[in-house]
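In what follows, a single structure is set out as structure tokens and then discussed.
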Amino acid sequence: MTDNTTDAATPADEVNLGKHRAAEEAETIVHETSRERETLLKVTDLVKHFPVKEYSGLFPKTLQTHAVDGVSFDLAKGETLGLVGESGCGKTTTGRLVTRLLDPTSGSIEFEGRDIAQLKEKELRPMRRDMQLIFQDPYGSLNPRFTVLKIIGAPLEIHGLVPKNKIKARVQELLELVGLNPEHVNRYPNEFSGGQRQRIGIARALAVEPKLIVADEPVSALDVSIQAQVMNLMGKLRKELGISFVFIAHDLGIVRHFCDRIAVMYLGKIVEMGDREDIYEKPQHPYTQALLSAAPDLNVVRGAEPGERIRLVGDLPSPINPPSGCRFRTRCWKAQEICAAEEPLLTPAEGKPEHTIACHFPEVKSDLVVEVDAS
Amino acid sequence: MTDTLAGAPAPLPGSTRRPPLDPNAELLLEVKDLQVQFPTEDGMVNAVNGVSYEVRAGQTLAIVGESGSGKSVSSMAIMGLHDPKRTRISGSILLDGQELVGASQEKFRSIRSATAAMIFQDPQSSLHPLKKVGAQIAEAYQAHHKVSKAVAAKRAVEMLDRVGVPNPDKRAKQLPGEFSGGMRQRAMIALGLVNDPKLLIADEPTTALDVTVQAQILDLMNDLQAEFGSAIIMITHDLAVVAEVADHVLVMYAGRSVEFGTAPQVLAQPRHPYTWGLLSSVPSLTADVGSELKPIAGNPPSLLNLPSGCSFRPRCKYSDRVAGDRCAAELPEFREVPGEPGRLFRCHLEDPATIFADEVAPTLE
Amino acid sequence: MIVYIARRLLLAISVLFATIVLTFGLFFTGPAKDAVAYQLCGTKCTNQIVEQTNHRLGLDRPVISQFGDYIKGVVAGRDIKSDGVVTGHCDAPCLGWSYVQSQSVTTMVKQALPVNLAIVFGAAFLYIPLGLLLGVMSGRTRGSPLDRTLVGVSQVVGNMPYYAVALILNLYLIFQWHLLPGTQYIPLTQDPGGWFKGFLGIWLIFGLFNAMLYVRYVRTFMINTLSTDFVRTARSKGISERKVVWNHALRATLAPYLTLIGLDIGLSLAGSIFTEQIFNVSGLGQLAILSLRQSDLPVIAGTVLVGAVFIILANLIVDLLYVVVDPTVKLT
């Protein structure tokens with residue numbers, strides 16, 4: 001805790017970003033229109049069931065938790081997709097499936113056109129450097145007995161990216177890139193604050209020059225003022241290195257700030273997906289609306305009239321035995337018979353093929369988020 | 001899980017708007033220059049280094065700050081929950097006319113739950129995992145009322161019903177593990193209010209909960225406050241939550257109170273540079289996208305070794321507006337904001353209103 | 001709850017059966033199958049004599065049929081034959097037959113067992129409450145002179161081998177200072193007073209030793225529990241500190257404590273060689289040692305089986321008790 005790295009103040013431009021692979025490829029994409037985007041990741045019908053034992057009879061029965069139940073999305077190079085939803089919605093599991101930290105039950109995960117869903121650990125190893133994970137807990141995800149040099153240098157060595165005698169220099173470069181003092185390579189994780197540790201986690205992910213980073217609640221364990229530092233760092237990296245992100249978070253404000261497109265998940269399924277404007281200004285799925293309406297808003301106190309309030313009743317149903325038809329129907333005020341009988345599929349909104357909603361009765365609601373005059 | 005369509009409820013109306021403040025409300029709690037220190041092997045941890053605020057009956061004070069700001073530690077001092085052998089507390093805490101700094105454990109015992117109750121962040125770990133929920137609530141009631149077990153048990157069921165736990169009779173006999181997170185926090189609130197305390201201290205009561213559950217709980221607390229008339233101290237790091245529930249706001253930094261005022265004052269017209277920094281760090285649901293967030297540079301100071309003068313100085317962008325090196329040399333008083341009676345802040349700046357209006361406000365939205 | 005008990009029982013029975021199969025396999029087949037014959041013929045053994053002996057005792061029959069006999073003996077008792085002539089009877093539950101001593105293993109176990117039961121349960125009567133009491137007091141007043149003394153003593157005691165501690169205490173408390181009566185085994189049915197006097201020294205010394213070990217466990221449990229959120233909640237209700245400690249904190253400590261003790265009791269029932277040797281009483285431990293020295297395999301197998309049964313039984317009881325103490329595990 002002794003150092004005073006001028007955290008956010010590190011001017012990005014001073015740092016030599018080097019020849020990052022993704023950046024070169026992304027350069028060509030950035031200015032193109034979204035229609036011609038090049039797909040990096042395409043997930044189709046991804047399913048993950050976890051077995052759970054139930055002990056009600058003389059012999060235990062094995063049931064399945066439907067953690068992720070038919071999730072499809074794609075991600076373009078340089079794009080950021082936000083996965084939002086409440087605990088138990090399957091967003092974290094999805095992130096781990098995509099990076100193949102978990103084995104999917106079924107479905108395909110095409111990374112640069114190659115289906116990696118069923119690859120064995122050995123075949124995956126060379127692909128691991130292309131996708132990295134950043135975890136929520138900056139305390140638990142760094143080995144406390146390793147120095148920063150070892151933590152960040154290990155992937156460099158494993159993948160043979162840098163000659164042995166250059167590793168330290170590269171690690172220092174990475175530390176500088178994430179706004180840490182390069183002289184601190186020989187320190188241990190406990191000598192850093194929470195925000196700095198998350199920077200180390202990011203540097204470790206960046207070391208292998210990944211094309212995709214899955215960030216699972218990367219700032220939710222951090223204090224507000226530090227959150228902003230880390231979010232800015234990730235924004236900078238995305239812009240300058242052209243890395244694609246799958247950004248998993250529950251904080252709707254941060255997701256809106258960071259993500260191009262957003263998928264809202266509920267009980268293992270995507271219920272609505274679209275770009276930022278679709279989701280935040282013209283949400284059509286009742287659950288998206290409830291989520292936005294539930295988020296407390298600072299603007300209330302600045303004199304804005306509160307938006308329409310939707311309060312969900314009851315608890316999340318069990319993912320072991322999810323409701324038939326639409327999974328949200330047990331808490332939905334619009335539910336009809338058809339909702340129990342038939343599962344709504346993700347369908348494009350009128351005149352907006354990119355905005356898909358899985359609801360039998362979609363309806364735009366735009367007064368959920370309070371607008372306030374900048375006075 | 002009932003699989004019927006009858007389970008589809010209408011959305012509930014929200015009720016989070018605050019009623020107008022009653023300026024004549026009775027003064028319930030007055031904290032003056034509170035200090036809490038823990039001697040450790042590494043040295044003296046100065047967890048709280050001078051906190052002053054007041055709470056009036058039936059009103060809500062939000063205490064905002066980041067981890068290590070001393071917001072929980074200072075509130076636990078009101079309940080006497082610090083180990084007296086390992087803690088040094090000085091200053092003054094006047095609750096309902098009684099001085100609590102230096103009070104005996106006997107005294108605290110008579111106050112806890114009866115005059116001031118506390119609910120905690122994690123409802124999962126805050127309830128005894130092996131005791132029935134109803135019994136845990138009843139125990140608190142029996143601690144302050146000479147009633148039979150049956151009467152106390154009935155009271156517990158009644159409380160569970162009032163905080164919106166369905167089937168309270170059945171639920172009272174269940175263990176906390178059989179409750180969902182939101183239901184557990186409702187049970188904690190029932191436990192907190194069972195003796196109808198004048199003050200309810202809620203330490204990050206919704207931080208561990210999901211957004212939609214958080215909204216339910218905040219609504220509930222607002223409704224119950226109207227019904228029970230308890231004053232609430234809401235400890236939180238989430239400014240948006242503050243906006244929804246608070247009458248007054250106290251901002252804490254490094255164990256000190258740095259700004260105090262009504263919620264609209266502090267959140268819409270803040271005067272302390274730290275409050276400015278907090279507000280610009282948060283991406284709102286309407287802010288311009290694509291712009292960078294404006295974080296506060298650097299890290300909070302170590303509580304073992306506070307900087308001289310103003311604790312926020314090393315991270316403050318405005319200390320050069322103060323003549324000389326006063327910010328480093330002299331700890332600012334917690335004083336009235338120039339020209340704004342009833343508002344307090346701890347800063348040497350002479351004209352924070354102008355700086356905010358000219359330089360900070362335009363960057364906020 | 002009934003289903004849970006049934007499931008635990010079922011599990012216990014299947015483990016028991018597996019143990020019997022394993023014991024039989026280890027002691028009566030493979031390299032061990034001629035052991036009885038060698039033991040009988042001693043120095044005069046030739047292959048021929050061994051074969052004859054095996055044939056005479058029916059030990060050359062197929063393994064399955066011998067195992068059937070063994071199981072039948074456990075369940076219903078069996079006759080012991082030599083050359084087809086009945087030479088003895090082994091009552092159910094027959095744990096084996098010692099051909100050297102012409103005696104059923106069950107009879108020998110029955111003679112030895114009361115000693116172990118008395119030692120273990122008598123001492124447990126002392127150390128379960130004592131360990132809990134001292135542990136709670138120590139954990140609650142962490143850093144106090146009492147706590148430091150208890151931690152110090154238990155550290156010293158815990159770092160010395162049990163037999164050394166027991167031997168020293170035996171020498172001083174009983175032989176040197178005559179603070180306790182000499183230890184011996186007098187059957188309870190014969191002279192209850194003498195039985196009590198004979199065991200008193202063992203109980204106190206063995207019990208105190210164990211109590212000092214458990215003090216540390218309980219103390220650690222207690223310190224951890226006292227800093228939990230739910231204890232803080234309990235305190236914030238305005239109940240007395242005594243209630244907070246003895247009702248709330250202890251309640252959470254009880255389950256792991258009982259598990260520890262239950263398994264320990266099961267283990268020590270199977271025989272405590274040091275205690276028996278040092279205090280001059282002969283129980284299962286002595287029986288096992290004796291039969292080892294005589295290579296009396298059927299007896300060794302019998303004591304192994306008895307030990308296993310105690311451990312399985314202790315597990316079962318702990319599992320059932322746990323449900324009472326910690327209702328959250330009901331379903332697993």
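Starting from 1 in every chain, residues are counted up; chains themselves are A, B, ... following the order of the structure tokens, and ligands are numbered from 1 as listed.
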*Distance query Glu277 of chain A at most 12 Å, only C-alpha atoms, self and fewer than 4 positions along chain excluded, as a PyMOL selection string*: (chain A and resi 256-257+259-262+273+281-284+352+354-355+366+369) or (chain B and resi 285-286+288-289)
Would you give me, as JSON lines, each residue of segment 163-282 of chain C having an atom within 12 Å of an atom of segment 81-96 of chain B, along with its shortest atom pair and that distance in Å to one decimal, using only C-alpha atoms and sorting by chain and residue number?
```
{"residue": "C:Leu226", "atom": "CA", "partner": "B:Asp83", "partner_atom": "CA", "distance": 11.2}
{"residue": "C:Ser227", "atom": "CA", "partner": "B:Asp83", "partner_atom": "CA", "distance": 10.6}
{"residue": "C:Asp229", "atom": "CA", "partner": "B:Leu81", "partner_atom": "CA", "distance": 11.4}
{"residue": "C:Val231", "atom": "CA", "partner": "B:Leu81", "partner_atom": "CA", "distance": 10.6}
{"residue": "C:Arg232", "atom": "CA", "partner": "B:Leu81", "partner_atom": "CA", "distance": 7.4}
{"residue": "C:Thr233", "atom": "CA", "partner": "B:Leu81", "partner_atom": "CA", "distance": 9.6}
{"residue": "C:Ala234", "atom": "CA", "partner": "B:Leu81", "partner_atom": "CA", "distance": 10.7}
{"residue": "C:Arg235", "atom": "CA", "partner": "B:Leu81", "partner_atom": "CA", "distance": 7.5}
{"residue": "C:Ser236", "atom": "CA", "partner": "B:Leu81", "partner_atom": "CA", "distance": 7.3}
{"residue": "C:Lys237", "atom": "CA", "partner": "B:Leu81", "partner_atom": "CA", "distance": 10.9}
{"residue": "C:Gly238", "atom": "CA", "partner": "B:Leu81", "partner_atom": "CA", "distance": 10.6}
{"residue": "C:Glu241", "atom": "CA", "partner": "B:Leu81", "partner_atom": "CA", "distance": 11.5}
```
Any chance you can output those residues with N, CA, C and O atoms as a PDB file, in the first residue's frame?
```
ATOM      1  N   LEU C 226     -17.186 -16.633  17.689  1.00  0.00           N
ATOM      2  CA  LEU C 226     -17.474 -15.368  18.365  1.00  0.00           C
ATOM      3  C   LEU C 226     -17.279 -14.175  17.447  1.00  0.00           C
ATOM      4  O   LEU C 226     -17.789 -13.096  17.709  1.00  0.00           O
ATOM      5  N   SER C 227     -16.536 -14.354  16.358  1.00  0.00           N
ATOM      6  CA  SER C 227     -16.358 -13.218  15.460  1.00  0.00           C
ATOM      7  C   SER C 227     -17.292 -13.294  14.257  1.00  0.00           C
ATOM      8  O   SER C 227     -17.154 -12.527  13.323  1.00  0.00           O
ATOM      9  N   ASP C 229     -20.845 -13.024  12.059  1.00  0.00           N
ATOM     10  CA  ASP C 229     -21.888 -12.008  11.975  1.00  0.00           C
ATOM     11  C   ASP C 229     -23.085 -12.354  12.843  1.00  0.00           C
ATOM     12  O   ASP C 229     -23.719 -11.480  13.422  1.00  0.00           O
ATOM     13  N   VAL C 231     -23.231 -13.911  15.647  1.00  0.00           N
ATOM     14  CA  VAL C 231     -23.002 -13.613  17.057  1.00  0.00           C
ATOM     15  C   VAL C 231     -23.118 -12.111  17.298  1.00  0.00           C
ATOM     16  O   VAL C 231     -23.677 -11.662  18.301  1.00  0.00           O
ATOM     17  N   ARG C 232     -22.646 -11.334  16.330  1.00  0.00           N
ATOM     18  CA  ARG C 232     -22.802  -9.882  16.422  1.00  0.00           C
ATOM     19  C   ARG C 232     -24.292  -9.521  16.451  1.00  0.00           C
ATOM     20  O   ARG C 232     -24.725  -8.678  17.233  1.00  0.00           O
ATOM     21  N   THR C 233     -25.068 -10.211  15.596  1.00  0.00           N
ATOM     22  CA  THR C 233     -26.511  -9.979  15.596  1.00  0.00           C
ATOM     23  C   THR C 233     -27.112 -10.311  16.961  1.00  0.00           C
ATOM     24  O   THR C 233     -27.914  -9.552  17.507  1.00  0.00           O
ATOM     25  N   ALA C 234     -26.679 -11.450  17.501  1.00  0.00           N
ATOM     26  CA  ALA C 234     -27.199 -11.860  18.806  1.00  0.00           C
ATOM     27  C   ALA C 234     -26.902 -10.795  19.850  1.00  0.00           C
ATOM     28  O   ALA C 234     -27.762 -10.419  20.646  1.00  0.00           O
ATOM     29  N   ARG C 235     -25.668 -10.281  19.798  1.00  0.00           N
ATOM     30  CA  ARG C 235     -25.284  -9.258  20.759  1.00  0.00           C
ATOM     31  C   ARG C 235     -26.144  -8.010  20.594  1.00  0.00           C
ATOM     32  O   ARG C 235     -26.528  -7.369  21.559  1.00  0.00           O
ATOM     33  N   SER C 236     -26.449  -7.686  19.343  1.00  0.00           N
ATOM     34  CA  SER C 236     -27.180  -6.446  19.101  1.00  0.00           C
ATOM     35  C   SER C 236     -28.656  -6.572  19.483  1.00  0.00           C
ATOM     36  O   SER C 236     -29.408  -5.627  19.340  1.00  0.00           O
ATOM     37  N   LYS C 237     -29.062  -7.756  19.958  1.00  0.00           N
ATOM     38  CA  LYS C 237     -30.443  -7.890  20.414  1.00  0.00           C
ATOM     39  C   LYS C 237     -30.622  -7.403  21.840  1.00  0.00           C
ATOM     40  O   LYS C 237     -31.745  -7.245  22.306  1.00  0.00           O
ATOM     41  N   GLY C 238     -29.511  -7.237  22.538  1.00  0.00           N
ATOM     42  CA  GLY C 238     -29.616  -6.809  23.917  1.00  0.00           C
ATOM     43  C   GLY C 238     -29.737  -7.961  24.896  1.00  0.00           C
ATOM     44  O   GLY C 238     -30.178  -7.775  26.025  1.00  0.00           O
ATOM     45  N   GLU C 241     -24.424 -11.316  27.714  1.00  0.00           N
ATOM     46  CA  GLU C 241     -23.243 -11.890  27.079  1.00  0.00           C
ATOM     47  C   GLU C 241     -23.184 -13.395  27.344  1.00  0.00           C
ATOM     48  O   GLU C 241     -22.712 -14.166  26.504  1.00  0.00           O
TER      49      GLU C 241
END
```
*State, in Å with one decimal place, the distance from atom CA of Arg170 of chain A to atom CA of Asp130 of chain A.*
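About the pair atom CA of Arg170 of chain A and atom CA of Asp130 of chain A: they are 18.0 Å apart.
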*Find the residues around segment 190-204 of chain C up to 7 Å (only C-alpha atoms counted), leave out those fewer than 6 positions away in its own chain, and share them as a PyMOL selection string.*
chain C and resi 119+122-123+180-184+279
Keeping all heavy atoms, export the residues of the selection given above as a PDB file, in the first residue's frame.
```pdb
ATOM      1  N   ILE C 119     -13.325 -47.967  30.193  1.00  0.00           N
ATOM      2  CA  ILE C 119     -12.287 -46.937  30.036  1.00  0.00           C
ATOM      3  C   ILE C 119     -12.817 -45.782  29.198  1.00  0.00           C
ATOM      4  O   ILE C 119     -12.787 -44.618  29.601  1.00  0.00           O
ATOM      5  CB  ILE C 119     -11.034 -47.510  29.337  1.00  0.00           C
ATOM      6  CG1 ILE C 119     -10.348 -48.547  30.231  1.00  0.00           C
ATOM      7  CG2 ILE C 119     -10.056 -46.386  28.985  1.00  0.00           C
ATOM      8  CD1 ILE C 119      -9.168 -49.219  29.559  1.00  0.00           C
ATOM      9  N   GLY C 122     -16.245 -44.043  30.561  1.00  0.00           N
ATOM     10  CA  GLY C 122     -15.968 -43.371  31.824  1.00  0.00           C
ATOM     11  C   GLY C 122     -15.172 -42.109  31.618  1.00  0.00           C
ATOM     12  O   GLY C 122     -15.489 -41.044  32.165  1.00  0.00           O
ATOM     13  N   ALA C 123     -14.128 -42.211  30.774  1.00  0.00           N
ATOM     14  CA  ALA C 123     -13.289 -41.037  30.530  1.00  0.00           C
ATOM     15  C   ALA C 123     -14.066 -39.982  29.754  1.00  0.00           C
ATOM     16  O   ALA C 123     -13.955 -38.783  30.026  1.00  0.00           O
ATOM     17  CB  ALA C 123     -12.025 -41.443  29.765  1.00  0.00           C
ATOM     18  N   LEU C 180      -4.445 -41.349  43.978  1.00  0.00           N
ATOM     19  CA  LEU C 180      -5.514 -42.135  43.370  1.00  0.00           C
ATOM     20  C   LEU C 180      -5.282 -43.600  43.693  1.00  0.00           C
ATOM     21  O   LEU C 180      -4.135 -44.024  43.867  1.00  0.00           O
ATOM     22  CB  LEU C 180      -5.489 -41.951  41.854  1.00  0.00           C
ATOM     23  CG  LEU C 180      -5.820 -40.547  41.332  1.00  0.00           C
ATOM     24  CD1 LEU C 180      -5.463 -40.437  39.875  1.00  0.00           C
ATOM     25  CD2 LEU C 180      -7.275 -40.224  41.575  1.00  0.00           C
ATOM     26  N   PRO C 181      -6.361 -44.369  43.815  1.00  0.00           N
ATOM     27  CA  PRO C 181      -6.190 -45.800  44.081  1.00  0.00           C
ATOM     28  C   PRO C 181      -5.546 -46.513  42.893  1.00  0.00           C
ATOM     29  O   PRO C 181      -5.670 -46.047  41.747  1.00  0.00           O
ATOM     30  CB  PRO C 181      -7.624 -46.282  44.305  1.00  0.00           C
ATOM     31  CG  PRO C 181      -8.493 -45.273  43.635  1.00  0.00           C
ATOM     32  CD  PRO C 181      -7.765 -43.971  43.690  1.00  0.00           C
ATOM     33  N   GLY C 182      -4.867 -47.598  43.145  1.00  0.00           N
ATOM     34  CA  GLY C 182      -4.231 -48.366  42.085  1.00  0.00           C
ATOM     35  C   GLY C 182      -5.270 -48.872  41.097  1.00  0.00           C
ATOM     36  O   GLY C 182      -6.424 -49.111  41.438  1.00  0.00           O
ATOM     37  N   THR C 183      -4.842 -49.029  39.858  1.00  0.00           N
ATOM     38  CA  THR C 183      -5.805 -49.416  38.835  1.00  0.00           C
ATOM     39  C   THR C 183      -5.802 -50.926  38.640  1.00  0.00           C
ATOM     40  O   THR C 183      -4.760 -51.574  38.681  1.00  0.00           O
ATOM     41  CB  THR C 183      -5.466 -48.747  37.499  1.00  0.00           C
ATOM     42  OG1 THR C 183      -4.134 -49.101  37.138  1.00  0.00           O
ATOM     43  CG2 THR C 183      -5.596 -47.247  37.604  1.00  0.00           C
ATOM     44  N   GLN C 184      -6.977 -51.472  38.461  1.00  0.00           N
ATOM     45  CA  GLN C 184      -7.114 -52.892  38.165  1.00  0.00           C
ATOM     46  C   GLN C 184      -8.520 -53.135  37.651  1.00  0.00           C
ATOM     47  O   GLN C 184      -9.389 -52.267  37.754  1.00  0.00           O
ATOM     48  CB  GLN C 184      -6.903 -53.713  39.433  1.00  0.00           C
ATOM     49  CG  GLN C 184      -7.882 -53.303  40.525  1.00  0.00           C
ATOM     50  CD  GLN C 184      -7.685 -54.093  41.789  1.00  0.00           C
ATOM     51  OE1 GLN C 184      -7.406 -55.275  41.725  1.00  0.00           O
ATOM     52  NE2 GLN C 184      -7.826 -53.456  42.929  1.00  0.00           N
ATOM     53  N   PHE C 279      -1.870 -49.205  32.652  1.00  0.00           N
ATOM     54  CA  PHE C 279      -2.684 -49.303  33.860  1.00  0.00           C
ATOM     55  C   PHE C 279      -3.017 -50.734  34.236  1.00  0.00           C
ATOM     56  O   PHE C 279      -3.858 -50.988  35.083  1.00  0.00           O
ATOM     57  CB  PHE C 279      -3.957 -48.469  33.698  1.00  0.00           C
ATOM     58  CG  PHE C 279      -3.680 -47.010  33.547  1.00  0.00           C
ATOM     59  CD1 PHE C 279      -3.762 -46.394  32.305  1.00  0.00           C
ATOM     60  CD2 PHE C 279      -3.303 -46.245  34.643  1.00  0.00           C
ATOM     61  CE1 PHE C 279      -3.491 -45.051  32.167  1.00  0.00           C
ATOM     62  CE2 PHE C 279      -3.027 -44.891  34.507  1.00  0.00           C
ATOM     63  CZ  PHE C 279      -3.118 -44.295  33.268  1.00  0.00           C
TER      64      PHE C 279
END
```
*Using only C-alpha atoms, which chain B residues lie at most 8 Å away from chain C, written as a list in words?*
Met79, Leu81, Phe108, Arg109, Ser110, Ile111, Arg112, Ser113, Ala114, Ala117, Met118, Ile119, Ser125, Ser126, Leu127, His128, Pro129, Leu130, Glu139, Ala140, Ala143, His144, Leu175 and Gly177 of chain B
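Atom CA of Ser102 of chain C to atom CA of Gly307 of chain C spans 22.5 Å [interatomic distance, one decimal].
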